[in-house]
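Undergrad: Data file input32.cif (mmCIF, C-alpha atoms) is appended below.
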```
data_model
loop_
_atom_site.group_PDB
_atom_site.id
_atom_site.type_symbol
_atom_site.label_atom_id
_atom_site.label_comp_id
_atom_site.auth_asym_id
_atom_site.auth_seq_id
_atom_site.Cartn_x
_atom_site.Cartn_y
_atom_site.Cartn_z
ATOM 1 C CA MET A 1 99.484 106.151 156.310
ATOM 2 C CA ASN A 2 95.777 106.021 155.467
ATOM 3 C CA ILE A 3 94.485 104.361 152.294
ATOM 4 C CA GLN A 4 93.899 107.643 150.436
ATOM 5 C CA LEU A 5 97.400 108.950 151.126
ATOM 6 C CA LYS A 6 98.914 105.584 150.211
ATOM 7 C CA PHE A 7 97.078 105.652 146.870
ATOM 8 C CA LEU A 8 98.304 109.185 146.099
ATOM 9 C CA PHE A 9 101.858 108.270 147.058
ATOM 10 C CA THR A 10 101.809 105.166 144.842
ATOM 11 C CA ALA A 11 100.345 107.097 141.907
ATOM 12 C CA ALA A 12 103.011 109.808 142.228
ATOM 13 C CA LEU A 13 105.765 107.201 142.416
ATOM 14 C CA LEU A 14 104.523 105.478 139.293
ATOM 15 C CA PHE A 15 104.322 108.801 137.479
ATOM 16 C CA PHE A 16 107.989 109.573 138.090
ATOM 17 C CA LEU A 17 109.388 106.054 137.737
ATOM 18 C CA ALA A 18 107.306 104.761 134.833
ATOM 19 C CA PRO A 19 106.194 107.593 132.542
ATOM 20 C CA GLY A 20 105.895 105.102 129.662
ATOM 21 C CA LEU A 21 102.680 103.801 131.241
ATOM 22 C CA TRP A 22 100.910 106.941 130.021
ATOM 23 C CA ALA A 23 100.426 107.621 126.331
ATOM 24 C CA GLN A 24 102.107 110.760 125.077
ATOM 25 C CA GLU A 25 100.082 113.731 123.938
ATOM 26 C CA ILE A 26 100.256 113.915 120.158
ATOM 27 C CA GLU A 27 99.527 116.240 117.260
ATOM 28 C CA THR A 28 98.297 115.226 113.807
ATOM 29 C CA ARG A 29 97.927 116.854 110.402
ATOM 30 C CA GLU A 30 97.761 116.037 106.722
ATOM 31 C CA VAL A 31 100.806 116.559 104.528
ATOM 32 C CA VAL A 32 100.380 116.952 100.764
ATOM 33 C CA TYR A 33 103.389 115.954 98.679
ATOM 34 C CA LYS A 34 104.167 114.938 95.095
ATOM 35 C CA ALA A 35 105.237 111.673 93.459
ATOM 36 C CA ASP A 36 105.513 111.375 89.682
ATOM 37 C CA GLY A 37 103.662 114.669 89.402
ATOM 38 C CA GLN A 38 100.689 113.335 91.349
ATOM 39 C CA SER A 39 99.435 114.738 94.656
ATOM 40 C CA MET A 40 99.795 112.398 97.616
ATOM 41 C CA VAL A 41 98.153 112.914 100.998
ATOM 42 C CA GLY A 42 100.159 111.779 104.001
ATOM 43 C CA TYR A 43 98.901 111.746 107.585
ATOM 44 C CA LEU A 44 101.504 112.842 110.100
ATOM 45 C CA ALA A 45 101.258 111.994 113.812
ATOM 46 C CA MET A 46 103.918 112.846 116.368
ATOM 47 C CA PRO A 47 104.445 113.508 120.059
ATOM 48 C CA LYS A 48 104.023 117.165 120.954
ATOM 49 C CA GLY A 49 107.422 118.775 121.245
ATOM 50 C CA ALA A 50 109.217 115.940 119.425
ATOM 51 C CA ALA A 51 112.954 116.607 119.234
ATOM 52 C CA LYS A 52 115.109 116.547 116.122
ATOM 53 C CA GLY A 53 116.055 112.987 115.285
ATOM 54 C CA THR A 54 113.168 111.330 117.107
ATOM 55 C CA PRO A 55 112.813 107.823 115.588
ATOM 56 C CA ALA A 56 110.211 107.744 112.847
ATOM 57 C CA VAL A 57 108.013 105.128 111.184
ATOM 58 C CA LEU A 58 106.340 105.161 107.779
ATOM 59 C CA VAL A 59 103.013 103.284 107.727
ATOM 60 C CA VAL A 60 101.907 101.818 104.387
ATOM 61 C CA HIS A 61 98.230 101.064 103.856
ATOM 62 C CA GLU A 62 96.334 98.011 102.616
ATOM 63 C CA TRP A 63 95.138 97.778 99.024
ATOM 64 C CA TRP A 64 91.948 99.602 100.052
ATOM 65 C CA GLY A 65 94.026 102.786 100.191
ATOM 66 C CA GLN A 66 94.822 105.106 103.055
ATOM 67 C CA THR A 67 91.658 104.550 105.066
ATOM 68 C CA ASP A 68 91.325 105.546 108.713
ATOM 69 C CA TYR A 69 93.074 102.293 109.678
ATOM 70 C CA PRO A 70 96.693 103.228 108.818
ATOM 71 C CA ARG A 71 96.031 106.667 110.291
ATOM 72 C CA LYS A 72 95.024 105.001 113.545
ATOM 73 C CA ARG A 73 98.252 102.973 113.513
ATOM 74 C CA ALA A 74 100.263 106.150 112.957
ATOM 75 C CA GLU A 75 98.561 107.703 115.981
ATOM 76 C CA MET A 76 99.295 104.600 118.064
ATOM 77 C CA LEU A 77 102.969 104.851 117.148
ATOM 78 C CA ALA A 78 103.017 108.563 117.995
ATOM 79 C CA LYS A 79 101.614 107.772 121.433
ATOM 80 C CA LEU A 80 104.563 105.418 121.902
ATOM 81 C CA GLY A 81 106.940 108.310 121.222
ATOM 82 C CA TYR A 82 107.623 107.873 117.513
ATOM 83 C CA ILE A 83 107.062 110.286 114.654
ATOM 84 C CA ALA A 84 104.802 108.407 112.238
ATOM 85 C CA MET A 85 103.278 109.078 108.858
ATOM 86 C CA ALA A 86 100.613 107.105 107.041
ATOM 87 C CA VAL A 87 101.720 107.287 103.424
ATOM 88 C CA ASP A 88 99.666 107.490 100.258
ATOM 89 C CA MET A 89 100.779 105.039 97.570
ATOM 90 C CA PHE A 90 97.798 105.552 95.230
ATOM 91 C CA GLY A 91 97.599 109.357 95.041
ATOM 92 C CA ASP A 92 94.923 111.860 96.092
ATOM 93 C CA ARG A 93 94.174 109.534 99.009
ATOM 94 C CA GLN A 94 92.128 107.263 96.752
ATOM 95 C CA ILE A 95 90.104 104.758 98.772
ATOM 96 C CA THR A 96 87.930 101.889 97.614
ATOM 97 C CA GLU A 97 85.904 98.988 99.004
ATOM 98 C CA HIS A 98 85.858 97.106 95.713
ATOM 99 C CA PRO A 99 88.486 94.335 95.321
ATOM 100 C CA LYS A 100 88.775 94.802 91.557
ATOM 101 C CA GLU A 101 89.503 98.506 91.914
ATOM 102 C CA ALA A 102 91.851 97.868 94.829
ATOM 103 C CA GLY A 103 93.666 95.272 92.761
ATOM 104 C CA ALA A 104 94.020 97.730 89.890
ATOM 105 C CA PHE A 105 95.480 100.371 92.225
ATOM 106 C CA ALA A 106 97.953 97.880 93.682
ATOM 107 C CA LYS A 107 98.933 96.531 90.273
ATOM 108 C CA ALA A 108 99.662 100.042 89.028
ATOM 109 C CA VAL A 109 102.032 100.674 91.937
ATOM 110 C CA PHE A 110 103.793 97.348 91.417
ATOM 111 C CA SER A 111 104.096 97.885 87.663
ATOM 112 C CA SER A 112 107.823 98.127 88.370
ATOM 113 C CA ALA A 113 110.205 98.052 91.312
ATOM 114 C CA LYS A 114 111.223 101.592 90.367
ATOM 115 C CA ASN A 115 107.628 102.815 90.649
ATOM 116 C CA VAL A 116 107.305 101.382 94.159
ATOM 117 C CA ALA A 117 110.531 103.096 95.207
ATOM 118 C CA THR A 118 109.566 106.442 93.648
ATOM 119 C CA ARG A 119 106.317 106.617 95.614
ATOM 120 C CA PHE A 120 107.822 105.317 98.830
ATOM 121 C CA ASP A 121 110.813 107.673 98.669
ATOM 122 C CA ALA A 122 108.489 110.629 98.066
ATOM 123 C CA ALA A 123 106.700 109.792 101.305
ATOM 124 C CA TRP A 124 110.032 109.424 103.095
ATOM 125 C CA ALA A 125 111.124 112.846 101.887
ATOM 126 C CA ALA A 126 107.805 114.365 102.943
ATOM 127 C CA LEU A 127 108.159 112.862 106.423
ATOM 128 C CA VAL A 128 111.603 114.406 106.885
ATOM 129 C CA ALA A 129 110.600 117.763 105.380
ATOM 130 C CA ASN A 130 107.524 118.152 107.586
ATOM 131 C CA SER A 131 108.708 116.854 110.953
ATOM 132 C CA PRO A 132 111.798 116.658 113.186
ATOM 133 C CA ALA A 133 112.532 113.190 111.737
ATOM 134 C CA VAL A 134 115.903 112.523 110.105
ATOM 135 C CA ARG A 135 116.397 110.129 107.210
ATOM 136 C CA GLU A 136 118.884 107.966 109.138
ATOM 137 C CA LYS A 137 116.342 107.006 111.826
ATOM 138 C CA VAL A 138 113.314 105.767 109.884
ATOM 139 C CA ALA A 139 111.570 102.388 109.935
ATOM 140 C CA ALA A 140 108.585 101.227 107.884
ATOM 141 C CA ILE A 141 105.617 98.994 108.571
ATOM 142 C CA GLY A 142 102.912 97.870 106.175
ATOM 143 C CA TYR A 143 99.671 95.943 106.055
ATOM 144 C CA CYS A 144 98.661 93.532 103.251
ATOM 145 C CA PHE A 145 99.596 95.496 100.100
ATOM 146 C CA GLY A 146 101.639 97.764 102.355
ATOM 147 C CA GLY A 147 103.447 94.757 103.782
ATOM 148 C CA SER A 148 104.549 93.880 100.252
ATOM 149 C CA VAL A 149 105.676 97.477 99.713
ATOM 150 C CA VAL A 150 107.928 97.558 102.776
ATOM 151 C CA LEU A 151 109.378 94.116 101.985
ATOM 152 C CA GLU A 152 110.135 95.306 98.452
ATOM 153 C CA MET A 153 111.890 98.396 99.809
ATOM 154 C CA ALA A 154 113.926 96.256 102.197
ATOM 155 C CA ARG A 155 114.899 93.957 99.318
ATOM 156 C CA GLN A 156 115.938 96.981 97.269
ATOM 157 C CA GLY A 157 118.340 97.886 100.053
ATOM 158 C CA ALA A 158 116.590 101.020 101.274
ATOM 159 C CA PRO A 159 118.547 102.329 104.308
ATOM 160 C CA LEU A 160 115.690 101.711 106.716
ATOM 161 C CA VAL A 161 116.441 100.834 110.327
ATOM 162 C CA ALA A 162 113.687 98.219 110.405
ATOM 163 C CA VAL A 163 110.781 96.872 108.365
ATOM 164 C CA ALA A 164 107.675 95.045 109.579
ATOM 165 C CA SER A 165 105.116 93.374 107.318
ATOM 166 C CA PHE A 166 101.697 92.364 108.632
ATOM 167 C CA HIS A 167 99.742 89.821 106.548
ATOM 168 C CA GLY A 168 101.565 91.149 103.504
ATOM 169 C CA GLY A 169 102.330 89.464 100.213
ATOM 170 C CA LEU A 170 105.683 87.707 100.601
ATOM 171 C CA MET A 171 106.875 87.722 96.985
ATOM 172 C CA THR A 172 107.790 91.085 95.416
ATOM 173 C CA PRO A 173 109.636 92.138 92.224
ATOM 174 C CA SER A 174 113.098 92.315 93.808
ATOM 175 C CA LYS A 175 115.155 89.681 95.601
ATOM 176 C CA ALA A 176 117.354 90.242 98.633
ATOM 177 C CA GLN A 177 121.077 90.311 97.855
ATOM 178 C CA LYS A 178 123.754 89.315 100.334
ATOM 179 C CA GLY A 179 125.150 92.316 102.187
ATOM 180 C CA LYS A 180 122.676 94.744 100.626
ATOM 181 C CA VAL A 181 119.729 94.654 103.053
ATOM 182 C CA PRO A 182 120.505 96.878 106.039
ATOM 183 C CA ALA A 183 117.012 96.748 107.551
ATOM 184 C CA ARG A 184 116.039 94.278 110.237
ATOM 185 C CA ILE A 185 112.831 92.546 109.148
ATOM 186 C CA TYR A 186 109.811 91.241 111.047
ATOM 187 C CA VAL A 187 107.093 89.337 109.182
ATOM 188 C CA ALA A 188 103.779 88.691 110.972
ATOM 189 C CA ASN A 189 101.845 86.060 109.045
ATOM 190 C CA GLY A 190 98.432 84.463 109.430
ATOM 191 C CA ALA A 191 98.662 80.662 109.604
ATOM 192 C CA ALA A 192 95.151 80.460 108.113
ATOM 193 C CA ASP A 193 95.839 82.971 105.343
ATOM 194 C CA PRO A 194 95.392 81.209 101.979
ATOM 195 C CA MET A 195 97.195 84.091 100.258
ATOM 196 C CA SER A 196 100.394 83.151 102.071
ATOM 197 C CA LYS A 197 101.255 79.766 100.593
ATOM 198 C CA PRO A 198 103.660 77.288 102.280
ATOM 199 C CA GLU A 199 105.983 77.289 99.266
ATOM 200 C CA GLN A 200 106.186 81.099 99.420
ATOM 201 C CA ILE A 201 107.048 80.972 103.115
ATOM 202 C CA GLU A 202 109.775 78.443 102.407
ATOM 203 C CA GLU A 203 111.101 80.538 99.522
ATOM 204 C CA LEU A 204 111.142 83.639 101.749
ATOM 205 C CA HIS A 205 113.202 81.839 104.394
ATOM 206 C CA GLN A 206 115.652 80.513 101.825
ATOM 207 C CA GLU A 207 116.024 83.926 100.201
ATOM 208 C CA PHE A 208 116.605 85.837 103.437
ATOM 209 C CA GLU A 209 118.918 83.199 104.888
ATOM 210 C CA ALA A 210 121.032 83.160 101.727
ATOM 211 C CA ALA A 211 121.204 86.975 101.813
ATOM 212 C CA GLU A 212 122.072 86.878 105.539
ATOM 213 C CA VAL A 213 119.160 89.167 106.382
ATOM 214 C CA ASP A 214 118.381 89.827 110.039
ATOM 215 C CA PHE A 215 114.767 88.660 110.021
ATOM 216 C CA ARG A 216 112.087 87.077 112.141
ATOM 217 C CA PHE A 217 109.062 85.258 110.753
ATOM 218 C CA GLU A 218 106.074 84.680 113.023
ATOM 219 C CA SER A 219 102.931 82.791 112.072
ATOM 220 C CA PHE A 220 99.786 83.233 114.164
ATOM 221 C CA GLU A 221 97.520 80.236 114.556
ATOM 222 C CA ALA A 222 93.993 80.552 113.088
ATOM 223 C CA ALA A 223 94.748 84.085 111.835
ATOM 224 C CA LYS A 224 93.343 84.886 108.390
ATOM 225 C CA HIS A 225 94.310 87.534 105.870
ATOM 226 C CA GLY A 226 93.952 91.032 107.304
ATOM 227 C CA PHE A 227 94.015 89.725 110.880
ATOM 228 C CA THR A 228 95.109 93.045 112.436
ATOM 229 C CA ASN A 229 92.254 95.130 111.022
ATOM 230 C CA PRO A 230 88.807 94.923 112.706
ATOM 231 C CA GLN A 231 87.279 95.923 109.364
ATOM 232 C CA ALA A 232 88.566 92.696 107.790
ATOM 233 C CA SER A 233 85.635 90.729 109.186
ATOM 234 C CA VAL A 234 83.245 93.387 107.862
ATOM 235 C CA TYR A 235 84.790 93.116 104.403
ATOM 236 C CA ALA A 236 84.652 89.321 104.601
ATOM 237 C CA GLU A 237 80.914 89.329 105.200
ATOM 238 C CA LYS A 238 80.164 92.142 102.776
ATOM 239 C CA LEU A 239 82.220 90.629 99.947
ATOM 240 C CA ASN A 240 81.534 86.977 100.785
ATOM 241 C CA PHE A 241 85.270 86.479 101.119
ATOM 242 C CA PRO A 242 85.958 84.073 104.050
ATOM 243 C CA ALA A 243 89.743 84.309 103.607
ATOM 244 C CA LEU A 244 89.561 87.684 105.393
ATOM 245 C CA GLY A 245 89.032 88.049 109.114
ATOM 246 C CA TYR A 246 90.052 89.976 112.204
ATOM 247 C CA ASN A 247 91.829 88.058 114.970
ATOM 248 C CA GLN A 248 92.102 90.023 118.200
ATOM 249 C CA GLU A 249 94.700 87.770 119.793
ATOM 250 C CA ALA A 250 96.985 87.813 116.752
ATOM 251 C CA ASP A 251 96.496 91.572 116.405
ATOM 252 C CA GLN A 252 97.461 92.281 119.996
ATOM 253 C CA LYS A 253 100.389 89.869 120.050
ATOM 254 C CA SER A 254 101.851 91.081 116.763
ATOM 255 C CA TRP A 255 101.559 94.706 117.891
ATOM 256 C CA ALA A 256 103.288 93.887 121.179
ATOM 257 C CA HIS A 257 106.055 92.168 119.251
ATOM 258 C CA LEU A 258 106.345 95.170 116.924
ATOM 259 C CA LYS A 259 106.849 97.474 119.889
ATOM 260 C CA GLY A 260 109.748 95.359 121.142
ATOM 261 C CA PHE A 261 111.160 95.030 117.624
ATOM 262 C CA LEU A 262 111.189 98.798 117.049
ATOM 263 C CA LYS A 263 112.675 99.494 120.459
ATOM 264 C CA GLU A 264 115.528 97.067 119.784
ATOM 265 C CA SER A 265 116.048 98.338 116.250
ATOM 266 C CA PHE A 266 116.341 101.992 117.243
ATOM 267 C CA LYS A 267 118.897 101.397 119.997
#
```
Mind converting the file's structure to structure tokens?

TA:
Amino acid sequence: MNIQLKFLFTAALLFFLAPGLWAQEIETREVVYKADGQSMVGYLAMPKGAAKGTPAVLVVHEWWGQTDYPRKRAEMLAKLGYIAMAVDMFGDRQITEHPKEAGAFAKAVFSSAKNVATRFDAAWAALVANSPAVREKVAAIGYCFGGSVVLEMARQGAPLVAVASFHGGLMTPSKAQKGKVPARIYVANGAADPMSKPEQIEELHQEFEAAEVDFRFESFEAAKHGFTNPQASVYAEKLNFPALGYNQEADQKSWAHLKGFLKESFK
């Protein structure tokens, strides 16, 4: 067999035996929904021809709002075969680059545990109403502010299959109760993140262990706050805020671990 024929044969074999090596073709669109009478703008991404009951993931944004970053993550999940939707927790897809405004947006959402749940559940309902997703097969991931949101929903006992928090705030209004947290939880933390204090990490472990939560905590060496987002380093320089920073190694490793975590959780 000559080299050209051998190459074609190998390529064909890989195509049939390992289709997961190629990203799936996806479709995307915005979904407008309501929460507390306010318009929310979700961003839906899914494999073309997705079947009813395809596992789904809600993606919750950082405190900057639903920028292009969570939309990119939704697309990445869709290419892995999941239905994904970047949610809008602030309304009207409000976006900011100013920490004070971002903090005000986040504070308004976390004004009560009920408010967090109302906005999150509205996104969940919109996901199910606008895609082949079913409520029983939904996970949630979040970044920074969004990481706090998904941890809060897990603590509230939302019937999520899995929850993953990336450089998110660890303490939220609710506390996990024994036997009332069905979601498996993965927390990806930056070891060099000053917003994630050692006493909070210890408290998180004690809380989840006492509640018998199925969770995994992973701390990435030298990773700062926002370590998964390439824009974090831009913000750090622009805002003179050295606590922020992108870390490619931590980003890639945590994403690889998320992929395995979701695959196991949706079995």

Undergrad: Between A:Lys180, A:Arg135, A:Lys263, A:His225, which residue has the minimum interatomic distance to Gly157 of chain A, considering only C-alpha atoms?

TA: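 Checking each of A:Lys180, A:Arg135, A:Lys263, A:His225 against Gly157 of chain A, counting only C-alpha atoms, the winner is A:Lys180.
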
Undergrad: Using only C-alpha atoms, which residues sit within 8 Å of segment 150-156 of chain A once same-chain residues fewer than 5 positions away are excluded, as JSON, numbers by chain?

TA: {"A": [60, 113, 116, 117, 140, 141, 142, 163, 164, 165, 170, 172, 173, 174, 175, 176, 177, 180, 181, 182, 183, 185]}

Undergrad: Hey, which of A:Ser112, A:Thr28, A:Ser254, A:Asn240 ends up closest to Ser131 of chain A? Count only C-alpha atoms.

TA: A:Thr28

Undergrad: Measure the distance from atom CA of Asp68 of chain A to atom CA of Phe90 of chain A in Å and round it to one decimal.

TA: 15.0 Å

Undergrad: Would you work out the distance separating atom CA of Ala236 of chain A from atom CA of Lys224 of chain A, expressed in Å to one decimal?

TA: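 Taking atom CA of Ala236 of chain A as the start and atom CA of Lys224 of chain A as the end point, the length is 10.5 Å.
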
Undergrad: Could you spell out the hits of the PyMOL selection byres ((chain A and resi 39) around 10) on the shown file, as a list of chain:residue names?

TA: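 This file, filtered by the PyMOL selection byres ((chain A and resi 39) around 10), leaves A:Val32, A:Tyr33, A:Lys34, A:Ala35, A:Asp36, A:Gly37, A:Gln38, A:Met40, A:Val41, A:Gly42, A:Asp88, A:Phe90, A:Gly91, A:Asp92, A:Arg93.
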